[in-house]
$ cat data.cif   # mmCIF, C-alpha atoms, pLDDT in the B column; chains and numbers go by the auth columns
data_protein
loop_
_atom_site.group_PDB
_atom_site.id
_atom_site.type_symbol
_atom_site.label_atom_id
_atom_site.label_comp_id
_atom_site.label_asym_id
_atom_site.label_seq_id
_atom_site.Cartn_x
_atom_site.Cartn_y
_atom_site.Cartn_z
_atom_site.B_iso_or_equiv
_atom_site.auth_seq_id
_atom_site.auth_asym_id
ATOM 1 C CA LEU A 1 19.759 20.916 -8.654 63.00 1 A
ATOM 2 C CA CYS A 2 17.970 17.582 -9.164 66.00 2 A
ATOM 3 C CA PHE A 3 14.534 19.270 -9.307 65.00 3 A
ATOM 4 C CA ARG A 4 15.771 22.005 -11.615 70.00 4 A
ATOM 5 C CA ASN A 5 16.949 19.384 -14.126 65.00 5 A
ATOM 6 C CA GLY A 6 14.024 17.028 -13.452 67.00 6 A
ATOM 7 C CA GLY A 7 13.302 13.466 -14.499 65.00 7 A
ATOM 8 C CA VAL A 8 16.332 11.221 -14.552 69.00 8 A
ATOM 9 C CA TYR A 9 18.249 13.629 -12.301 73.00 9 A
ATOM 10 C CA ILE A 10 15.579 13.371 -9.598 73.00 10 A
ATOM 11 C CA LYS A 11 15.812 9.575 -9.884 74.00 11 A
ATOM 12 C CA LEU A 12 19.611 9.774 -9.634 78.00 12 A
ATOM 13 C CA GLY A 13 19.252 11.980 -6.537 78.00 13 A
ATOM 14 C CA GLN A 14 16.908 9.404 -5.013 77.00 14 A
ATOM 15 C CA LEU A 15 19.339 6.562 -5.684 76.00 15 A
ATOM 16 C CA LEU A 16 22.254 8.517 -4.239 79.00 16 A
ATOM 17 C CA GLY A 17 20.104 9.557 -1.271 78.00 17 A
ATOM 18 C CA LEU A 18 19.755 5.904 -0.285 75.00 18 A
ATOM 19 C CA MET A 19 23.501 5.416 -0.051 78.00 19 A
ATOM 20 C CA ASP A 20 24.025 6.689 3.494 78.00 20 A
ATOM 21 C CA HIS A 21 26.690 4.023 4.040 78.00 21 A
ATOM 22 C CA VAL A 22 28.918 5.643 1.386 75.00 22 A
ATOM 23 C CA ILE A 23 27.879 9.278 0.992 79.00 23 A
ATOM 24 C CA PRO A 24 28.374 11.894 3.745 83.00 24 A
ATOM 25 C CA PHE A 25 25.324 12.788 5.847 83.00 25 A
ATOM 26 C CA GLU A 26 25.194 16.378 4.533 86.00 26 A
ATOM 27 C CA TYR A 27 24.668 15.113 0.990 81.00 27 A
ATOM 28 C CA ILE A 28 22.087 12.561 2.099 80.00 28 A
ATOM 29 C CA GLU A 29 20.201 15.305 3.907 82.00 29 A
ATOM 30 C CA ALA A 30 20.329 17.560 0.845 80.00 30 A
ATOM 31 C CA LEU A 31 19.080 14.740 -1.393 76.00 31 A
ATOM 32 C CA SER A 32 16.207 13.810 0.932 75.00 32 A
ATOM 33 C CA GLY A 33 13.950 16.313 -0.845 73.00 33 A
ATOM 34 C CA CYS A 34 14.061 14.082 -3.921 66.00 34 A
ATOM 35 C CA PHE A 35 11.800 11.619 -2.097 67.00 35 A
ATOM 36 C CA ASP A 36 9.154 14.034 -0.885 64.00 36 A
ATOM 37 C CA SER A 37 7.637 16.224 -3.526 66.00 37 A
ATOM 38 C CA CYS A 38 8.298 15.751 -7.188 74.00 38 A
ATOM 39 C CA PRO A 39 6.667 18.340 -9.438 80.00 39 A
ATOM 40 C CA PRO A 40 3.530 17.085 -11.235 87.00 40 A
ATOM 41 C CA SER A 41 2.899 17.349 -14.957 89.00 41 A
ATOM 42 C CA SER A 42 0.241 19.728 -16.192 92.00 42 A
ATOM 43 C CA THR A 43 -3.150 18.482 -17.385 95.00 43 A
ATOM 44 C CA ARG A 44 -2.132 19.590 -20.868 95.00 44 A
ATOM 45 C CA ASP A 45 0.998 17.386 -20.762 93.00 45 A
ATOM 46 C CA VAL A 46 -0.991 14.407 -19.439 95.00 46 A
ATOM 47 C CA ASP A 47 -3.511 14.796 -22.271 96.00 47 A
ATOM 48 C CA ALA A 48 -0.638 15.042 -24.777 94.00 48 A
ATOM 49 C CA VAL A 49 0.939 11.810 -23.469 93.00 49 A
ATOM 50 C CA PHE A 50 -2.375 9.994 -23.953 95.00 50 A
ATOM 51 C CA ALA A 51 -2.767 11.448 -27.459 95.00 51 A
ATOM 52 C CA GLU A 52 0.785 10.437 -28.418 91.00 52 A
ATOM 53 C CA GLU A 53 0.612 6.957 -26.901 91.00 53 A
ATOM 54 C CA PHE A 54 -3.018 5.954 -27.524 95.00 54 A
ATOM 55 C CA GLY A 55 -4.423 8.471 -29.995 96.00 55 A
ATOM 56 C CA LYS A 56 -7.178 9.289 -27.489 96.00 56 A
ATOM 57 C CA SER A 57 -7.801 11.494 -24.492 96.00 57 A
ATOM 58 C CA PRO A 58 -8.079 10.000 -20.990 97.00 58 A
ATOM 59 C CA LEU A 59 -11.860 10.540 -21.016 95.00 59 A
ATOM 60 C CA GLU A 60 -12.157 8.547 -24.248 96.00 60 A
ATOM 61 C CA LEU A 61 -10.489 5.579 -22.520 96.00 61 A
ATOM 62 C CA PHE A 62 -11.980 5.829 -19.011 97.00 62 A
ATOM 63 C CA GLU A 63 -15.415 6.582 -17.596 97.00 63 A
ATOM 64 C CA SER A 64 -13.705 9.075 -15.337 97.00 64 A
ATOM 65 C CA PHE A 65 -10.158 10.350 -14.972 98.00 65 A
ATOM 66 C CA GLU A 66 -9.073 12.690 -12.183 97.00 66 A
ATOM 67 C CA GLU A 67 -7.058 15.596 -13.553 94.00 67 A
ATOM 68 C CA GLY A 68 -4.981 16.046 -10.418 94.00 68 A
ATOM 69 C CA PRO A 69 -2.510 13.261 -9.632 95.00 69 A
ATOM 70 C CA ILE A 70 -2.695 11.431 -6.311 92.00 70 A
ATOM 71 C CA ALA A 71 1.105 11.168 -6.393 88.00 71 A
ATOM 72 C CA SER A 72 3.975 12.454 -8.502 84.00 72 A
ATOM 73 C CA ALA A 73 7.381 10.814 -8.667 78.00 73 A
ATOM 74 C CA SER A 74 10.591 11.460 -10.575 74.00 74 A
ATOM 75 C CA LEU A 75 9.571 9.739 -13.800 77.00 75 A
ATOM 76 C CA ALA A 76 5.774 9.560 -13.686 84.00 76 A
ATOM 77 C CA GLN A 77 2.643 10.417 -11.748 91.00 77 A
ATOM 78 C CA VAL A 78 -0.456 8.464 -10.763 95.00 78 A
ATOM 79 C CA HIS A 79 -4.095 9.389 -11.392 97.00 79 A
ATOM 80 C CA ARG A 80 -7.340 7.825 -10.204 97.00 80 A
ATOM 81 C CA ALA A 81 -9.586 6.614 -13.002 98.00 81 A
ATOM 82 C CA THR A 82 -12.648 4.462 -13.545 98.00 82 A
ATOM 83 C CA LEU A 83 -12.757 1.853 -16.293 97.00 83 A
ATOM 84 C CA PRO A 84 -15.881 1.305 -18.371 95.00 84 A
ATOM 85 C CA GLY A 85 -17.918 -0.969 -16.136 95.00 85 A
ATOM 86 C CA GLY A 86 -17.064 0.871 -12.939 96.00 86 A
ATOM 87 C CA ARG A 87 -13.785 -0.666 -11.779 97.00 87 A
ATOM 88 C CA GLN A 88 -11.525 1.935 -10.145 97.00 88 A
ATOM 89 C CA VAL A 89 -7.867 1.875 -11.151 97.00 89 A
ATOM 90 C CA ALA A 90 -4.643 3.797 -10.708 97.00 90 A
ATOM 91 C CA VAL A 91 -3.115 5.047 -13.962 97.00 91 A
ATOM 92 C CA LYS A 92 0.614 5.767 -14.149 94.00 92 A
ATOM 93 C CA VAL A 93 1.470 8.500 -16.655 94.00 93 A
ATOM 94 C CA GLN A 94 5.092 9.219 -17.583 88.00 94 A
ATOM 95 C CA HIS A 95 6.085 12.882 -17.442 86.00 95 A
ATOM 96 C CA ARG A 96 5.980 14.134 -21.028 82.00 96 A
ATOM 97 C CA PRO A 97 9.350 15.895 -21.152 71.00 97 A
ATOM 98 C CA LEU A 98 10.968 12.564 -20.282 67.00 98 A
ATOM 99 C CA LEU A 99 9.708 10.990 -23.457 62.00 99 A
ATOM 100 C CA LYS A 100 11.938 13.398 -25.377 63.00 100 A
ATOM 101 C CA THR A 101 14.953 13.862 -23.107 65.00 101 A
ATOM 102 C CA VAL A 102 15.569 10.635 -21.204 63.00 102 A
ATOM 103 C CA ARG A 103 17.999 9.167 -23.740 65.00 103 A
ATOM 104 C CA SER A 104 20.209 12.257 -23.832 66.00 104 A
ATOM 105 C CA GLU A 105 20.068 12.630 -20.035 67.00 105 A
ATOM 106 C CA ILE A 106 21.186 9.023 -19.539 71.00 106 A
ATOM 107 C CA ALA A 107 23.977 9.547 -22.078 73.00 107 A
ATOM 108 C CA GLY A 108 25.119 12.608 -20.113 72.00 108 A
ATOM 109 C CA ILE A 109 25.087 10.720 -16.830 73.00 109 A
ATOM 110 C CA GLU A 110 26.988 7.864 -18.471 77.00 110 A
ATOM 111 C CA LEU A 111 29.657 10.299 -19.629 77.00 111 A
ATOM 112 C CA VAL A 112 30.023 11.845 -16.163 75.00 112 A
ATOM 113 C CA LEU A 113 30.256 8.429 -14.494 74.00 113 A
ATOM 114 C CA SER A 114 32.871 7.315 -17.032 77.00 114 A
ATOM 115 C CA LEU A 115 34.960 10.428 -16.441 76.00 115 A
ATOM 116 C CA VAL A 116 34.783 9.997 -12.672 72.00 116 A
ATOM 117 C CA ARG A 117 35.733 6.352 -12.998 74.00 117 A
ATOM 118 C CA SER A 118 38.752 7.220 -15.168 77.00 118 A
ATOM 119 C CA LEU A 119 39.933 9.678 -12.495 74.00 119 A
ATOM 120 C CA GLU A 120 39.094 7.356 -9.614 71.00 120 A
ATOM 121 C CA PRO A 121 39.214 3.667 -10.643 71.00 121 A
ATOM 122 C CA ALA A 122 37.753 2.570 -7.308 70.00 122 A
ATOM 123 C CA PHE A 123 34.591 4.518 -8.086 65.00 123 A
ATOM 124 C CA GLY A 124 31.949 1.830 -8.276 65.00 124 A
ATOM 125 C CA PHE A 125 28.753 3.672 -9.098 64.00 125 A
ATOM 126 C CA GLN A 126 28.320 2.485 -12.685 65.00 126 A
ATOM 127 C CA TRP A 127 25.389 0.398 -11.397 66.00 127 A
ATOM 128 C CA LEU A 128 23.520 3.692 -10.890 61.00 128 A
ATOM 129 C CA LEU A 129 23.398 4.119 -14.624 62.00 129 A
ATOM 130 C CA GLU A 130 22.065 0.608 -15.149 65.00 130 A
ATOM 131 C CA GLU A 131 19.444 1.216 -12.462 60.00 131 A
ATOM 132 C CA GLY A 132 18.469 4.491 -14.139 56.00 132 A
ATOM 133 C CA LYS A 133 18.079 2.850 -17.534 57.00 133 A
ATOM 134 C CA GLU A 134 15.444 0.508 -16.125 56.00 134 A
#

$ encode --input "data.cif" --output "structure tokens"
Amino acid sequence: LCFRNGGVYIKLGQLLGLMDHVIPFEYIEALSGCFDSCPPSSTRDVDAVFAEEFGKSPLELFESFEEGPIASASLAQVHRATLPGGRQVAVKVQHRPLLKTVRSEIAGIELVLSLVRSLEPAFGFQWLLEEGKE
């Protein structure tokens, strides 16, 4: 479910997956996949993020930029690149769909957490929302 919805939901699954002292083992086990293999963005989306943010393609900013990410996480992925002058760097690129949907996703999560809290006042997971906003 977290992967199907992507982005903030994967991050929420990761945060919940760390709470083995509160959440039953079966849920922790189900959420463990959120740590292992997040889907990468396409080369087209990566190029679009650079165009939207910098007005240039990755190859206009770097001597080299590897198309395939070395890692992909819930909110971004990392690419190897070489700066002009030869210094190798890691470049973190936010997943493009998140640029458009993150605000509405956080609002939805906030609503769900508020409803749960109104039904169960002892529910103390509002900090998850604050963590997700960062």

$ atom_distance --input "data.cif" --atom1 "CA of Ala122 in chain A" --atom2 "CA of Gly33 in chain A"
28.2 Å

$ axis_aligned_box --input "data.cif" --around "range 85-100 of chain A" --padding-each-side "4 Å" --output "AutoDock Vina command-line options"
--center_x -3.0 --center_y 7.5 --center_z -17.8 --size_x 37.9 --size_y 24.9 --size_z 23.2

$ closest_atom_pairs --input "data.cif" --of "range 39-78 of chain A" --to "range 85-92 of chain A" --cutoff "8 Å" --atoms "only C-alpha atoms" --output "Markdown table"
| residue | atom | partner | partner_atom | distance |
| --- | --- | --- | --- | --- |
| A:Glu63 | CA | A:Gly86 | CA | 7.6 |
| A:Ala76 | CA | A:Lys92 | CA | 6.4 |
| A:Gln77 | CA | A:Lys92 | CA | 5.6 |
| A:Val78 | CA | A:Lys92 | CA | 4.5 |

$ closest_residue --input "data.cif" --among "A:Glu120, A:Ile109, A:Val46, A:Val93" --to "Lys11 in chain A" --atoms "all atoms listed in the file"
A:Ile109

$ residues_around --input "data.cif" --residues "Arg96 in chain A" --least-positions-apart "5" --cutoff "8 Å" --atoms "only C-alpha atoms" --output "list in words"
Ser41, Asp45, Val46, Ala48 and Val49 of chain A

$ build_atoms --input "data.cif" --residues "range 65-76 of chain A" --atoms "all heavy atoms" --output "CSV table (one decimal), in the frame of the given file"
chain,number,residue,atom,x,y,z
A,65,PHE,N,-11.6,10.2,-15.1
A,65,PHE,CA,-10.2,10.4,-15.0
A,65,PHE,C,-9.9,11.6,-14.2
A,65,PHE,O,-10.2,12.7,-14.7
A,65,PHE,CB,-9.5,10.4,-16.3
A,65,PHE,CG,-8.0,10.4,-16.3
A,65,PHE,CD1,-7.3,9.2,-16.2
A,65,PHE,CD2,-7.3,11.6,-16.3
A,65,PHE,CE1,-5.9,9.2,-16.2
A,65,PHE,CE2,-5.9,11.6,-16.2
A,65,PHE,CZ,-5.2,10.4,-16.2
A,66,GLU,N,-9.3,11.5,-13.0
A,66,GLU,CA,-9.1,12.7,-12.2
A,66,GLU,C,-7.9,13.5,-12.7
A,66,GLU,O,-6.8,12.9,-12.9
A,66,GLU,CB,-8.8,12.3,-10.7
A,66,GLU,CG,-10.0,11.8,-10.0
A,66,GLU,CD,-9.8,11.6,-8.5
A,66,GLU,OE1,-8.8,12.0,-8.0
A,66,GLU,OE2,-10.7,10.9,-7.9
A,67,GLU,N,-8.1,14.8,-13.0
A,67,GLU,CA,-7.1,15.6,-13.6
A,67,GLU,C,-5.8,15.7,-12.6
A,67,GLU,O,-4.7,15.6,-13.1
A,67,GLU,CB,-7.6,17.0,-13.8
A,67,GLU,CG,-8.4,17.1,-15.1
A,67,GLU,CD,-8.7,18.6,-15.4
A,67,GLU,OE1,-8.1,19.5,-14.8
A,67,GLU,OE2,-9.6,18.8,-16.3
A,68,GLY,N,-6.1,15.9,-11.4
A,68,GLY,CA,-5.0,16.0,-10.4
A,68,GLY,C,-4.4,14.7,-10.0
A,68,GLY,O,-5.2,13.8,-9.7
A,69,PRO,N,-3.1,14.6,-10.0
A,69,PRO,CA,-2.5,13.3,-9.6
A,69,PRO,C,-2.6,13.0,-8.1
A,69,PRO,O,-2.6,14.0,-7.4
A,69,PRO,CB,-1.1,13.4,-10.1
A,69,PRO,CG,-0.8,14.9,-10.0
A,69,PRO,CD,-2.1,15.5,-10.4
A,70,ILE,N,-2.7,11.8,-7.7
A,70,ILE,CA,-2.7,11.4,-6.3
A,70,ILE,C,-1.3,11.3,-5.8
A,70,ILE,O,-1.0,11.4,-4.6
A,70,ILE,CB,-3.5,10.1,-6.0
A,70,ILE,CG1,-2.9,9.0,-6.8
A,70,ILE,CG2,-5.0,10.3,-6.2
A,70,ILE,CD1,-3.5,7.6,-6.4
A,71,ALA,N,-0.3,11.2,-6.7
A,71,ALA,CA,1.1,11.2,-6.4
A,71,ALA,C,1.9,11.5,-7.6
A,71,ALA,O,1.5,11.2,-8.8
A,71,ALA,CB,1.5,9.8,-5.9
A,72,SER,N,3.1,12.1,-7.4
A,72,SER,CA,4.0,12.5,-8.5
A,72,SER,C,5.4,12.0,-8.1
A,72,SER,O,5.8,12.4,-7.0
A,72,SER,CB,3.9,13.9,-8.8
A,72,SER,OG,4.8,14.2,-9.9
A,73,ALA,N,6.0,11.3,-8.9
A,73,ALA,CA,7.4,10.8,-8.7
A,73,ALA,C,8.3,11.4,-9.7
A,73,ALA,O,8.0,12.2,-10.5
A,73,ALA,CB,7.4,9.3,-8.7
A,74,SER,N,9.6,10.9,-9.7
A,74,SER,CA,10.6,11.5,-10.6
A,74,SER,C,10.3,11.2,-12.1
A,74,SER,O,10.6,12.1,-12.9
A,74,SER,CB,11.9,10.9,-10.2
A,74,SER,OG,11.9,9.5,-10.3
A,75,LEU,N,9.7,10.1,-12.4
A,75,LEU,CA,9.6,9.7,-13.8
A,75,LEU,C,8.1,9.7,-14.3
A,75,LEU,O,7.9,9.7,-15.5
A,75,LEU,CB,10.2,8.4,-14.1
A,75,LEU,CG,11.7,8.2,-13.7
A,75,LEU,CD1,12.2,6.8,-13.9
A,75,LEU,CD2,12.5,9.3,-14.4
A,76,ALA,N,7.2,9.7,-13.3
A,76,ALA,CA,5.8,9.6,-13.7
A,76,ALA,C,4.9,10.0,-12.5
A,76,ALA,O,5.4,10.3,-11.4
A,76,ALA,CB,5.4,8.1,-14.0
